[in-house]
Structure formats: structure tokens, C-alpha cells
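Notes to accompany the following structure.
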Amino acid sequence: MKEASLPASGHGAAGQASGDSSASAFPVRMAGYRERLERALESSLAPATTHPARLHTAIRYAVLGGGKRLRPLLVYATAEWLGLPAERVDAIAVAVELVHAYSLVHDDLPAMDDDDLRRGRATVHLAFDEATAILVGDALQALAYRVLAADAALVGQPEVQQQLILDLAGASGSEGMVGGQMIDIASSHLRLAPSQLEDLHARKTGRLLHAAVIMPCRLRPDLGGEGLALIDRFGRALGLAFQMADDLLDVDGRPEVLGKSGGSDARNHKATLPVLLGVEGARRRLEDVRRDAHDALARFGAEADGLRWISGWVASRDR
Ligand code: IPE
Ligand code: IPE
Ligand code: MG
Ligand code: MG
Ligand code: MG
């Protein structure tokens, strides 16, 4: 296969597949991706009545009906950049969102951040109970890998499937998200150096966002090293920026917009960027990192507009 250093143009292939016009702005296409994702998530989950019904009801509560769906949107925007139709990446979008949903359920537990509001509703351990919340997380994690293993669009490509499973496991495991959560808890009451804090951000949040842009690239094995290196840089910077914005929103966000209580980090004495640099210093650092994400896309054309739009939104978001 001919090596392509940058993705072939073919702007909006994923948007076209979701029924939207490739000429429309990403926010317009985004609505189609969100609907598509909700349908795919819904069909990945067992009906609430499946035995044991309490567990399946809680799983559906944790996954459906809320969340910004940023990680799946990144998957679809990366597919646009790659010129891939959306149906090729649905399983990746679902798997990444399932891991994220599990991480939120566990993150809110009394032994972790002990939060009572998530996505505008009672957290899973309050709406159900703590043991059920732990099991919901366990089940969602297993389901994410099942979705990748069972996806019809991936059958017949065992090497791609294996790589996707490795990517997701690496991003979410003990050296990725879970490791980041451990460091986050161990850093409570400590003052970290800026580089230590960015390492924490990169692990607990950045790795999964990075996976959302790297995993679709596995479907384009002809993507050259240059394109991969730039999208890798974009994913890292975006992941960092996202957690920096999250820490700022915990200080000055509006709970009714955020759908979570706010003030959680201060209550738990977490090591955060606003604690280290002050709110204004944290905003400046966030802007530097956002610019790095944006600059990583400079060589691409309109096919990267979705990724550009997301990187702009991540820094200015209010939820
Ligand atoms: C919150 O993630 C947890 C972090 C990793 C910072 P999101 O802000 O993406 O949460 P939802 O999915 O929109 O609820
Ligand atoms: C959580 O970070 C990162 C995860 C892996 C879930 P936070 O604890 O800051 O996320 P929120 O603010 O509760 O959403
Ligand atoms: Mg936390
Ligand atoms: Mg939390
Ligand atoms: Mg937070």
C-alpha cells in the first residue's frame, strides 16, 4: 500500500456517513455524531430487565442520558481527518466512552472524590448503592473490550483489533488513567512541581483523550509517520488542556451548567493547576497548551476542522 504521510483529503467522509453535509460546520455535524453515538451506546447495553436487573438498570443510568461525549466526538473528528466513514469507528467511540463512564462512576465513590452530583443527577453510588457502583464500573470496563472484540466492522482485521485493545488497555490501565487516579489521590495535601502535575493530568485524563485520536489512526495503516506524530502531539496537548480546564471549572464553574458540584478539588485538598499557579496563571498555561494543540494541526486542511473546533472549545468551555 502506498504510504501517505498525511491523510488523503476526503473531507467530511465521517460526516457524510452520519447523514450530515461535509460542507457544514463541525458543530452542525456534531449533532449527528451525538445521535449516532447514543444509538450505538444504547445497542451495546443489555436491557434494564436483564438479570440481574439492578445492575443493568444502574449501568444504563451511568452511561445513557448525559455527558458531553467529547471522547466519541474526538473519534469521529479524527475519522473525518482520516477520510474514514463514521461506521468504521463506531466501536472505538463506544469503547472509549464506556471506559470513561466507568471511570466517572468510580471517581465519584466515597473512597475516591466522594461526590454526589454527576451529569446533573445523583452519582451512581447514591442513586443505587456503593457496591452496585463498583460493579457498574467493573462491568463497563469489560464491556468496552467486548465491543472492540465483537465489532462487525473490525472482524477480519485481527491485527487492527489487537492494536486497538492494546491502545485502550494502555491508556486506561495502571500506567495510564488508573495510575493517574492513584497519583491524584496520593498527591492530596502535597504541592507538586509543575512537571509532576502535568504528568498526573496526562495520565488520569490525557491518555484516554489521546487514545480517542490515536485509535482511529489504526484503521489507516498507510498513515505515515509525519501525520501520526502530529496527531500524537495534538492528542497529548488536548488531553492536558482538558484536565487544566476541568480544574479551573472546579474553582469557578457554575454547578447548574457543569452538572457536578464544583469545589470538589478544594474539599479533597487535590493538587491542581489553580492551586499551583493561581487562577490567572492556570488560564495562561491552559492557553499555551491549547495553542500547541492547535499548532499541531497547522499543516492540515479543512479535513482537520473538526479537531480544530474541538481544541478551541476545550479551552473556552463552561461545562
Ligand atoms: C470529566 O470528564 C472527568 C475528567 C476526566 C476531567 P468530562 O468533562 O468529559 O465528563 P462528561 O463525560 O462530560 O460527563
Ligand atoms: C477525574 O478527574 C479523572 C478520571 C479519570 C475520572 P476529576 O476527579 O477532576 O474529574 P471530575 O471533576 O470529578 O469530573
Ligand atoms: Mg478525581
Ligand atoms: Mg472527581
Ligand atoms: Mg475535576
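Here's how to read the names in the C-alpha cells: chain A, B, ... by the order shown, residue numbers from 1 in each chain, ligand numbers from 1 in the order shown.
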
Which residues of segment 262-308 of chain A have any atom within 9 Å of an atom in segment 81-86 of chain A when counting only C-alpha atoms, and what is the closest pair of atoms for each, with the distance in Å to one decimal? Order the rows by chain and rising number and write it as JSON lines.
```
{"residue": "A:Phe300", "atom": "CA", "partner": "A:Trp81", "partner_atom": "CA", "distance": 8.5}
{"residue": "A:Gly301", "atom": "CA", "partner": "A:Trp81", "partner_atom": "CA", "distance": 8.8}
{"residue": "A:Ala302", "atom": "CA", "partner": "A:Trp81", "partner_atom": "CA", "distance": 8.3}
{"residue": "A:Glu303", "atom": "CA", "partner": "A:Trp81", "partner_atom": "CA", "distance": 4.7}
{"residue": "A:Ala304", "atom": "CA", "partner": "A:Trp81", "partner_atom": "CA", "distance": 5.0}
{"residue": "A:Asp305", "atom": "CA", "partner": "A:Trp81", "partner_atom": "CA", "distance": 8.0}
{"residue": "A:Gly306", "atom": "CA", "partner": "A:Trp81", "partner_atom": "CA", "distance": 7.9}
{"residue": "A:Leu307", "atom": "CA", "partner": "A:Trp81", "partner_atom": "CA", "distance": 7.9}
```

Selection export as a CSV table (one decimal), in the first residue's frame, atoms kept: C-alpha atoms:
```csv
chain,number,residue,atom,x,y,z
A,300,PHE,CA,-3.7,20.0,7.6
A,301,GLY,CA,-6.5,21.4,5.6
A,302,ALA,CA,-10.2,21.6,6.1
A,303,GLU,CA,-10.4,17.8,6.9
A,304,ALA,CA,-9.0,18.8,10.3
A,305,ASP,CA,-11.6,21.4,11.0
A,306,GLY,CA,-13.5,19.2,13.5
A,307,LEU,CA,-10.3,18.7,15.5
```

Report as a VMD selection string all protein, DNA and RNA residues lying within 8 Å of segment 103-107 of chain A, evaluated on only C-alpha atoms, omitting residues in the same chain fewer than 5 positions from it. chain A and resid 62 112 to 114 123 to 125 133 to 134 136 to 137

Preceding selection exported with all heavy atoms as a PDB file, in the first residue's frame:
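And here is the file that came out, result-v4.pdb:
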```pdb
ATOM      1  N   ALA A  62     -25.730   5.009  34.369  1.00  0.00           N
ATOM      2  CA  ALA A  62     -24.386   5.596  34.325  1.00  0.00           C
ATOM      3  C   ALA A  62     -23.985   6.030  32.913  1.00  0.00           C
ATOM      4  O   ALA A  62     -23.241   6.992  32.744  1.00  0.00           O
ATOM      5  CB  ALA A  62     -23.354   4.579  34.853  1.00  0.00           C
ATOM      6  N   MET A 112     -13.034   7.684  46.810  1.00  0.00           N
ATOM      7  CA  MET A 112     -12.274   8.500  45.852  1.00  0.00           C
ATOM      8  C   MET A 112     -12.628   9.976  46.106  1.00  0.00           C
ATOM      9  O   MET A 112     -12.234  10.488  47.130  1.00  0.00           O
ATOM     10  CB  MET A 112     -12.603   8.062  44.418  1.00  0.00           C
ATOM     11  CG  MET A 112     -12.330   6.578  44.150  1.00  0.00           C
ATOM     12  SD  MET A 112     -10.638   6.200  43.662  1.00  0.00           S
ATOM     13  CE  MET A 112     -10.598   6.835  42.014  1.00  0.00           C
ATOM     14  N   ASP A 113     -13.388  10.628  45.206  1.00  0.00           N
ATOM     15  CA  ASP A 113     -13.670  12.057  45.404  1.00  0.00           C
ATOM     16  C   ASP A 113     -14.918  12.319  46.245  1.00  0.00           C
ATOM     17  O   ASP A 113     -15.178  13.461  46.615  1.00  0.00           O
ATOM     18  CB  ASP A 113     -13.820  12.760  44.038  1.00  0.00           C
ATOM     19  CG  ASP A 113     -12.501  12.806  43.274  1.00  0.00           C
ATOM     20  OD1 ASP A 113     -11.455  12.459  43.871  1.00  0.00           O
ATOM     21  OD2 ASP A 113     -12.515  13.170  42.093  1.00  0.00           O
ATOM     22  N   ASP A 114     -15.692  11.290  46.497  1.00  0.00           N
ATOM     23  CA  ASP A 114     -16.890  11.398  47.329  1.00  0.00           C
ATOM     24  C   ASP A 114     -17.808  12.517  46.844  1.00  0.00           C
ATOM     25  O   ASP A 114     -18.104  13.457  47.584  1.00  0.00           O
ATOM     26  CB  ASP A 114     -16.483  11.616  48.808  1.00  0.00           C
ATOM     27  CG  ASP A 114     -17.669  11.448  49.757  1.00  0.00           C
ATOM     28  OD1 ASP A 114     -18.702  10.899  49.309  1.00  0.00           O
ATOM     29  OD2 ASP A 114     -17.567  11.881  50.924  1.00  0.00           O
ATOM     30  N   THR A 123     -25.015  10.817  41.827  1.00  0.00           N
ATOM     31  CA  THR A 123     -23.989   9.866  41.405  1.00  0.00           C
ATOM     32  C   THR A 123     -24.495   8.427  41.602  1.00  0.00           C
ATOM     33  O   THR A 123     -25.426   8.189  42.379  1.00  0.00           O
ATOM     34  CB  THR A 123     -22.687  10.106  42.199  1.00  0.00           C
ATOM     35  OG1 THR A 123     -23.016  10.286  43.579  1.00  0.00           O
ATOM     36  CG2 THR A 123     -21.982  11.356  41.703  1.00  0.00           C
ATOM     37  N   VAL A 124     -23.878   7.498  40.913  1.00  0.00           N
ATOM     38  CA  VAL A 124     -24.418   6.130  40.876  1.00  0.00           C
ATOM     39  C   VAL A 124     -24.469   5.514  42.275  1.00  0.00           C
ATOM     40  O   VAL A 124     -25.451   4.852  42.638  1.00  0.00           O
ATOM     41  CB  VAL A 124     -23.604   5.243  39.900  1.00  0.00           C
ATOM     42  CG1 VAL A 124     -24.130   3.810  39.911  1.00  0.00           C
ATOM     43  CG2 VAL A 124     -23.663   5.815  38.487  1.00  0.00           C
ATOM     44  N   HIS A 125     -23.466   5.784  43.106  1.00  0.00           N
ATOM     45  CA  HIS A 125     -23.486   5.151  44.448  1.00  0.00           C
ATOM     46  C   HIS A 125     -24.600   5.723  45.325  1.00  0.00           C
ATOM     47  O   HIS A 125     -25.006   5.073  46.279  1.00  0.00           O
ATOM     48  CB  HIS A 125     -22.115   5.253  45.139  1.00  0.00           C
ATOM     49  CG  HIS A 125     -21.672   6.645  45.422  1.00  0.00           C
ATOM     50  ND1 HIS A 125     -20.987   7.416  44.518  1.00  0.00           N
ATOM     51  CD2 HIS A 125     -21.807   7.425  46.529  1.00  0.00           C
ATOM     52  CE1 HIS A 125     -20.716   8.605  45.050  1.00  0.00           C
ATOM     53  NE2 HIS A 125     -21.202   8.634  46.262  1.00  0.00           N
ATOM     54  N   ALA A 133     -22.320   0.520  42.451  1.00  0.00           N
ATOM     55  CA  ALA A 133     -21.493   1.451  41.664  1.00  0.00           C
ATOM     56  C   ALA A 133     -20.142   0.816  41.316  1.00  0.00           C
ATOM     57  O   ALA A 133     -19.638   0.967  40.195  1.00  0.00           O
ATOM     58  CB  ALA A 133     -21.295   2.753  42.433  1.00  0.00           C
ATOM     59  N   ILE A 134     -19.556   0.101  42.261  1.00  0.00           N
ATOM     60  CA  ILE A 134     -18.274  -0.567  41.981  1.00  0.00           C
ATOM     61  C   ILE A 134     -18.471  -1.590  40.864  1.00  0.00           C
ATOM     62  O   ILE A 134     -17.683  -1.663  39.903  1.00  0.00           O
ATOM     63  CB  ILE A 134     -17.724  -1.235  43.263  1.00  0.00           C
ATOM     64  CG1 ILE A 134     -17.315  -0.149  44.281  1.00  0.00           C
ATOM     65  CG2 ILE A 134     -16.530  -2.141  42.933  1.00  0.00           C
ATOM     66  CD1 ILE A 134     -17.005  -0.685  45.672  1.00  0.00           C
ATOM     67  N   VAL A 136     -20.851  -1.671  38.587  1.00  0.00           N
ATOM     68  CA  VAL A 136     -21.154  -0.993  37.316  1.00  0.00           C
ATOM     69  C   VAL A 136     -19.841  -0.658  36.606  1.00  0.00           C
ATOM     70  O   VAL A 136     -19.670  -0.916  35.410  1.00  0.00           O
ATOM     71  CB  VAL A 136     -21.982   0.306  37.556  1.00  0.00           C
ATOM     72  CG1 VAL A 136     -21.956   1.217  36.329  1.00  0.00           C
ATOM     73  CG2 VAL A 136     -23.416  -0.046  37.920  1.00  0.00           C
ATOM     74  N   GLY A 137     -18.900  -0.095  37.346  1.00  0.00           N
ATOM     75  CA  GLY A 137     -17.605   0.238  36.747  1.00  0.00           C
ATOM     76  C   GLY A 137     -16.903  -0.998  36.213  1.00  0.00           C
ATOM     77  O   GLY A 137     -16.389  -1.010  35.084  1.00  0.00           O
TER      78      GLY A 137
END
```

Go through the chains and note each residue within 6 Å of ligand 1, using only C-alpha atoms and all ligand atoms, then give the set as a PyMOL selection string. chain A and resi 67-70+119+205+243+246

Saved selection, atoms kept: C-alpha atoms, as a short mmCIF file (atom, residue, chain, number, x, y, z; two decimals), in the first residue's frame:
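Produced file selection_3.cif, reproduced below:
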```
data_model
loop_
_atom_site.label_atom_id
_atom_site.label_comp_id
_atom_site.auth_asym_id
_atom_site.auth_seq_id
_atom_site.Cartn_x
_atom_site.Cartn_y
_atom_site.Cartn_z
CA GLY A 67 -22.26 13.79 29.31
CA LYS A 68 -20.66 15.91 26.66
CA ARG A 69 -19.45 12.84 24.74
CA LEU A 70 -16.19 14.61 24.00
CA ARG A 119 -24.11 14.88 34.74
CA THR A 205 -7.25 12.28 31.77
CA GLN A 243 -7.87 18.50 32.59
CA ASP A 246 -11.60 20.84 34.38
#
```

Do you know which residues are within 8 Å of ligand 5 using only C-alpha atoms and all ligand atoms? Can you write them as number ranges by chain? A: 243, 246-247, 249-250, 262, 264-265

Going by DSSP on the backbone, which bits of segment 38-212 of chain A are strand (DSSP E or B)? Write them as a count of residues only, please. 4
